[in-house]
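> Right, I'll just put the structure down here and ask away after.
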Amino acid sequence: MKLERIEYFKEKFKAYLKETEDYSELYKYECLQNFINHWDLSDVDLLETYSNSLTSNITGRLWGGSRNSAKSMMQEFISLDREFMRSVFRDLFDESKDLTGRIQRFRFHCDQLLFELRDSRKKLTSHFHTEKTISMYLSFNDPKNYTLYSYKSFSKVMEKIELQELPQIFELERFFKISTAIYKILSKDDELMTLHRSLRADSSFYQEDTMLMVHDFFAICSNDDII
């Protein structure tokens, strides 16, 4: 990945932020702020906490809506075994453990509970907890160190900045490492950071600096109009 190419697209991103009148990426900052307002893994009623944490006045697309979605299936899992799912989330968020292992175990436990539910509900085919959904949990729990995962926009930008070896779709750890490196470059630009904060001035949006900006960067710079 070439630094001059990242700098080039950073300027393209900044120009877009200056010109846009309707910034389409703000929804995630509203979702993040709501999550922070409600999430408490120690809460006795984990189901209510989870349900309230994943709500939005703008869109529920990050978790797939309220039916046949990652959110609805996790609500089923918590209802089935609340304390087990509490421990599963604790493991996912435990920074003392290997990230790839945490992600794999989270998926495995979701597979286990889906199998249990299918004994009584044969039509269940998926728990919808993809790499994208798991990245949402990670980035909402720790927005300074994680960002949302969208392989399509990420891979497109990686081609534009001439990354020699593109991570496979399941290599979230490499994705986060690359995203962190890009965020360090973006965050050194004071004008860009100030501009981005100004777009989130409304109190319903998360106000602090966050790695979610990298998801914005990928979404905007993957556009075919930005070359």
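Just so we're on the same page: first chain in the structure tokens is A, next is B, and so on; residues restart at 1 for each chain, and ligands are numbered from 1 in the order they show up.
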Just the residues within 10 Å of range 4-12 of chain A, please, counting only C-alpha atoms, with nothing from its chain fewer than 3 positions along; format it as a list in words.

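The residues satisfying every condition are Met1, Ala15, Tyr16, Leu17, Lys18, Val157, Met158, Lys160, Ile161, Glu162, Leu163, Ile182, Ile185, Leu186, Asp189, Leu192, Phe217, Phe218, Ile220, Cys221, Ser222, Ile226 and Ile227 of chain A.
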
> Can you list every residue of range 104-170 of chain A that has an atom at most 6 Å from range 66-83 of chain A, with its nearest atom pair and the distance in Å to one decimal, using only C-alpha atoms, ordered by chain then number, as a tab-separated table?


residue	atom	partner	partner_atom	distance
A:His127	CA	A:Met73	CA	5.6
A:Phe128	CA	A:Ala70	CA	4.7
A:His129	CA	A:Ala70	CA	5.6

> For the selection just defined, write its residues with N, CA, C and O atoms to a file, as a compact mmCIF listing (two decimals), in the first residue's frame.


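Output saved as part_24.txt:
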# COMPACT_ATOMS: atom_id res chain seq x y z
N HIS A 127 -27.93 -17.46 11.48
CA HIS A 127 -27.99 -16.52 12.61
C HIS A 127 -27.53 -15.13 12.18
O HIS A 127 -27.55 -14.19 12.97
N PHE A 128 -27.11 -14.98 10.92
CA PHE A 128 -26.79 -13.69 10.30
C PHE A 128 -25.59 -12.97 10.94
O PHE A 128 -25.37 -11.79 10.67
N HIS A 129 -24.83 -13.67 11.74
CA HIS A 129 -23.67 -13.03 12.36
C HIS A 129 -22.44 -13.23 11.49
O HIS A 129 -21.64 -14.15 11.68
